[in-house]
Amino acid sequence: MGRAALVGLAMGLLSVGASASAQDRDPEADARARAHYERGVTLFDEGLFQGALAEFEAAYELTQRVGLLFNIGQLHARLGHAVEATEMLERYLAEAGEIPAERRTQVETEILSQRDRIARVTVTSSVAGSHVSLDDVDRGSTPLEAPILVGVGEHVLVVSADGHETSRNRFRLAGGQERSFDIQLVRLGAVQGPETASPFPVLTVAGAVVAGAGLVTWAAAGAVTLSEDARLDGECGTRVCTSADTGTIEVSRIAADVGLGVLVVGGVLTVVGALLELGGSGEAEGGQVSLGAEGVEVVW
């Protein structure tokens, strides 16, 4: 849309599509509306479309002149607001009455173009009455009566409910796409699976302690046995050893055997304990249900 199209709608401020008869109009409101309109045209010339949109909307609020809906719809289209552009241009056709065929064709073509840039978002929540906001615009509470219409591009969906953590999802949509979000809100203060404290591995620790005691006993008794064996080899080489000479080595051998047995028992307890008490942690973590909708990553 060029400046000529905007200026061509200036007649909308004068006569065409006026919502009130001449005698019912407020001259002061008309003057202020004209000022908004002229600033809107100037801002449009400067490429400041957001400002131009605000001025035309202000003029329409003062006069309700249908011709301004055309300008507002075209500016929404320039700003990439496909939903708003379609709504304004359809209102223009419905309320303008008799308009030139060329203008009607132009508007209908623009409406078709904007409709191709509209997508739909369906939102459900695990908590009835959850507040839904899309792109910082309030969209109501769940269950929503109909899908939310949005333009192409990136969007941010926020779903919240009292006593629950807020869900925020960022996503992109192309024209004609439909996206469904089933938001599972988490109650505030609820303990999440990965944060649940694991039970103390009693059997594993006890087995390790027993195995350690057996190892120490076996090592100490084995050292005594080796020392006594070397001593007896030296002393009994020249005489016959008596039971008094071999008493110590017999005791150390028995202690070494007992220590080895305790070590084996402790080792078995440790392995069994590890399998029973520690082996399930990987499965618990793997079983956690991730939050979000259809795998959409939660950004915040």
# chains A, B, ... in the order shown; residues from 1 in each chain; ligands from 1
>>> residues_around(residues="A:Glu61", least_positions_apart="3", cutoff="12 Å", atoms="only C-alpha atoms", output="PyMOL selection string")
chain A and resi 19+29-30+32-34+36-37+54-58+64-66+68-69+72
>>> select_by_dssp(residues="stretch 84-284 of chain A", states="helix (DSSP H, G or I)", output="MDAnalysis selection string")
chainID A and resid 84:96 101:115 193:195 202:235 243:278 281:284
>>> residues_around(residues="A:Ile111", least_positions_apart="5", cutoff="10 Å", atoms="only C-alpha atoms", output="list in words")
Gly73, Gln74, Ala77, Ala82, Val83, Ala85, Thr86, Glu87, Met88, Leu89, Glu90, Thr105, Gln106 and Asp116 of chain A
>>> atom_distance(atom1="atom CA of A:Gly266", atom2="atom CA of A:Leu203")
9.9 Å
>>> residues_around(residues="A:Leu188", least_positions_apart="5", cutoff="7 Å", atoms="only C-alpha atoms", output="list in words")
Gly163, His164 and Glu165 of chain A
>>> write_last_selection(atoms="N, CA and C atoms", output="CSV table (one decimal), in the first residue's frame")
chain,number,residue,atom,x,y,z
A,163,GLY,N,-0.9,-21.4,42.8
A,163,GLY,CA,-0.4,-22.6,43.5
A,163,GLY,C,0.5,-23.5,42.6
A,164,HIS,N,0.7,-23.1,41.4
A,164,HIS,CA,1.5,-23.9,40.4
A,164,HIS,C,2.6,-23.1,39.8
A,165,GLU,N,3.6,-23.8,39.3
A,165,GLU,CA,4.7,-23.1,38.6
A,165,GLU,C,4.2,-22.7,37.2
>>> closest_residue(among="A:Ala274, A:Ala52, A:Val150, A:Val107", to="A:His81", atoms="only C-alpha atoms")
A:Val150
>>> residues_around(residues="A:Ala256", least_positions_apart="2", cutoff="8 Å", atoms="only C-alpha atoms", output="VMD selection string")
chain A and resid 217 to 222 252 to 254 258 to 260
>>> write_last_selection(atoms="C-alpha atoms", output="PDB file, in the first residue's frame")
ATOM      1  CA  THR A 217      42.795 -59.507  59.525  1.00  0.00           C
ATOM      2  CA  TRP A 218      43.981 -61.640  56.633  1.00  0.00           C
ATOM      3  CA  ALA A 219      46.838 -59.285  55.811  1.00  0.00           C
ATOM      4  CA  ALA A 220      48.036 -58.999  59.445  1.00  0.00           C
ATOM      5  CA  ALA A 221      47.761 -62.743  60.172  1.00  0.00           C
ATOM      6  CA  GLY A 222      49.435 -63.561  56.867  1.00  0.00           C
ATOM      7  CA  SER A 252      48.284 -66.943  62.816  1.00  0.00           C
ATOM      8  CA  ARG A 253      47.339 -69.403  60.092  1.00  0.00           C
ATOM      9  CA  ILE A 254      43.875 -69.864  61.610  1.00  0.00           C
ATOM     10  CA  VAL A 258      39.235 -66.532  59.214  1.00  0.00           C
ATOM     11  CA  GLY A 259      40.183 -63.116  57.778  1.00  0.00           C
ATOM     12  CA  LEU A 260      40.033 -64.479  54.253  1.00  0.00           C
TER      13      LEU A 260
END
>>> select_by_dssp(residues="stretch 134-187 of chain A", states="strand (DSSP E)", output="NGL selection string")
:A and (134 or 137-141 or 148-151 or 153-160 or 167-173 or 178-183)
>>> residues_around(residues="A:Val272", least_positions_apart="5", cutoff="12 Å", atoms="only C-alpha atoms", output="list in words")
Pro201, Val202, Leu203, Thr204, Val205, Ala206, Gly207, Ala208, Val265, Gly266, Gly267, Glu277, Leu278 and Gly279 of chain A
>>> write_last_selection(atoms="C-alpha atoms", output="CSV table (one decimal), in the first residue's frame")
chain,number,residue,atom,x,y,z
A,201,PRO,CA,22.6,-48.2,51.1
A,202,VAL,CA,22.8,-50.1,54.4
A,203,LEU,CA,23.7,-53.5,53.0
A,204,THR,CA,26.3,-52.1,50.6
A,205,VAL,CA,28.1,-50.1,53.4
A,206,ALA,CA,27.9,-53.0,55.9
A,207,GLY,CA,29.4,-55.4,53.3
A,208,ALA,CA,32.2,-53.0,52.6
A,265,VAL,CA,31.6,-62.7,52.9
A,266,GLY,CA,32.0,-58.9,53.0
A,267,GLY,CA,32.7,-58.9,49.3
A,277,GLU,CA,20.2,-50.6,46.6
A,278,LEU,CA,22.1,-48.7,43.9
A,279,GLY,CA,21.2,-50.5,40.6
>>> atom_distance(atom1="atom CA of A:Val121", atom2="atom CA of A:Gly151")
10.4 Å
>>> atom_distance(atom1="atom CA of A:Ile148", atom2="atom CA of A:Leu75")
21.6 Å
>>> residues_around(residues="A:Ala161", least_positions_apart="5", cutoff="12 Å", atoms="only C-alpha atoms", output="list in words")
Ser125, Ser126, Val127, Ala128, Gly129, Ser130, His131, Val132, Ser133, Ser141, Thr142, Thr166, Ser167, Ile183, Gln184, Leu185, Val186, Arg187 and Leu188 of chain A
>>> write_last_selection(atoms="C-alpha atoms", output="CSV table (one decimal), in the first residue's frame")
chain,number,residue,atom,x,y,z
A,125,SER,CA,-3.9,-27.5,30.8
A,126,SER,CA,-3.9,-30.1,33.6
A,127,VAL,CA,-5.4,-27.4,35.8
A,128,ALA,CA,-8.9,-26.1,34.9
A,129,GLY,CA,-9.1,-22.3,34.8
A,130,SER,CA,-5.4,-21.8,34.0
A,131,HIS,CA,-4.6,-18.4,32.6
A,132,VAL,CA,-3.3,-18.4,29.1
A,133,SER,CA,-1.2,-15.6,27.6
A,141,SER,CA,-8.6,-19.3,30.8
A,142,THR,CA,-8.7,-23.0,30.1
A,166,THR,CA,4.3,-21.0,35.5
A,167,SER,CA,4.9,-22.8,32.1
A,183,ILE,CA,0.5,-28.1,29.6
A,184,GLN,CA,1.1,-30.2,32.7
A,185,LEU,CA,1.5,-27.6,35.5
A,186,VAL,CA,3.5,-28.6,38.6
A,187,ARG,CA,2.2,-27.7,42.0
A,188,LEU,CA,4.5,-25.3,43.9
>>> closest_residue(among="A:Phe49, A:Tyr60, A:Phe171, A:Tyr92", to="A:Ala35", atoms="only C-alpha atoms")
A:Tyr60
>>> closest_residue(among="A:Leu53, A:Val224, A:Leu62, A:Leu43", to="A:Val251", atoms="only C-alpha atoms")
A:Val224
>>> closest_residue(among="A:Arg170, A:Arg139, A:Arg115, A:His76", to="A:Gly153", atoms="only C-alpha atoms")
A:Arg170
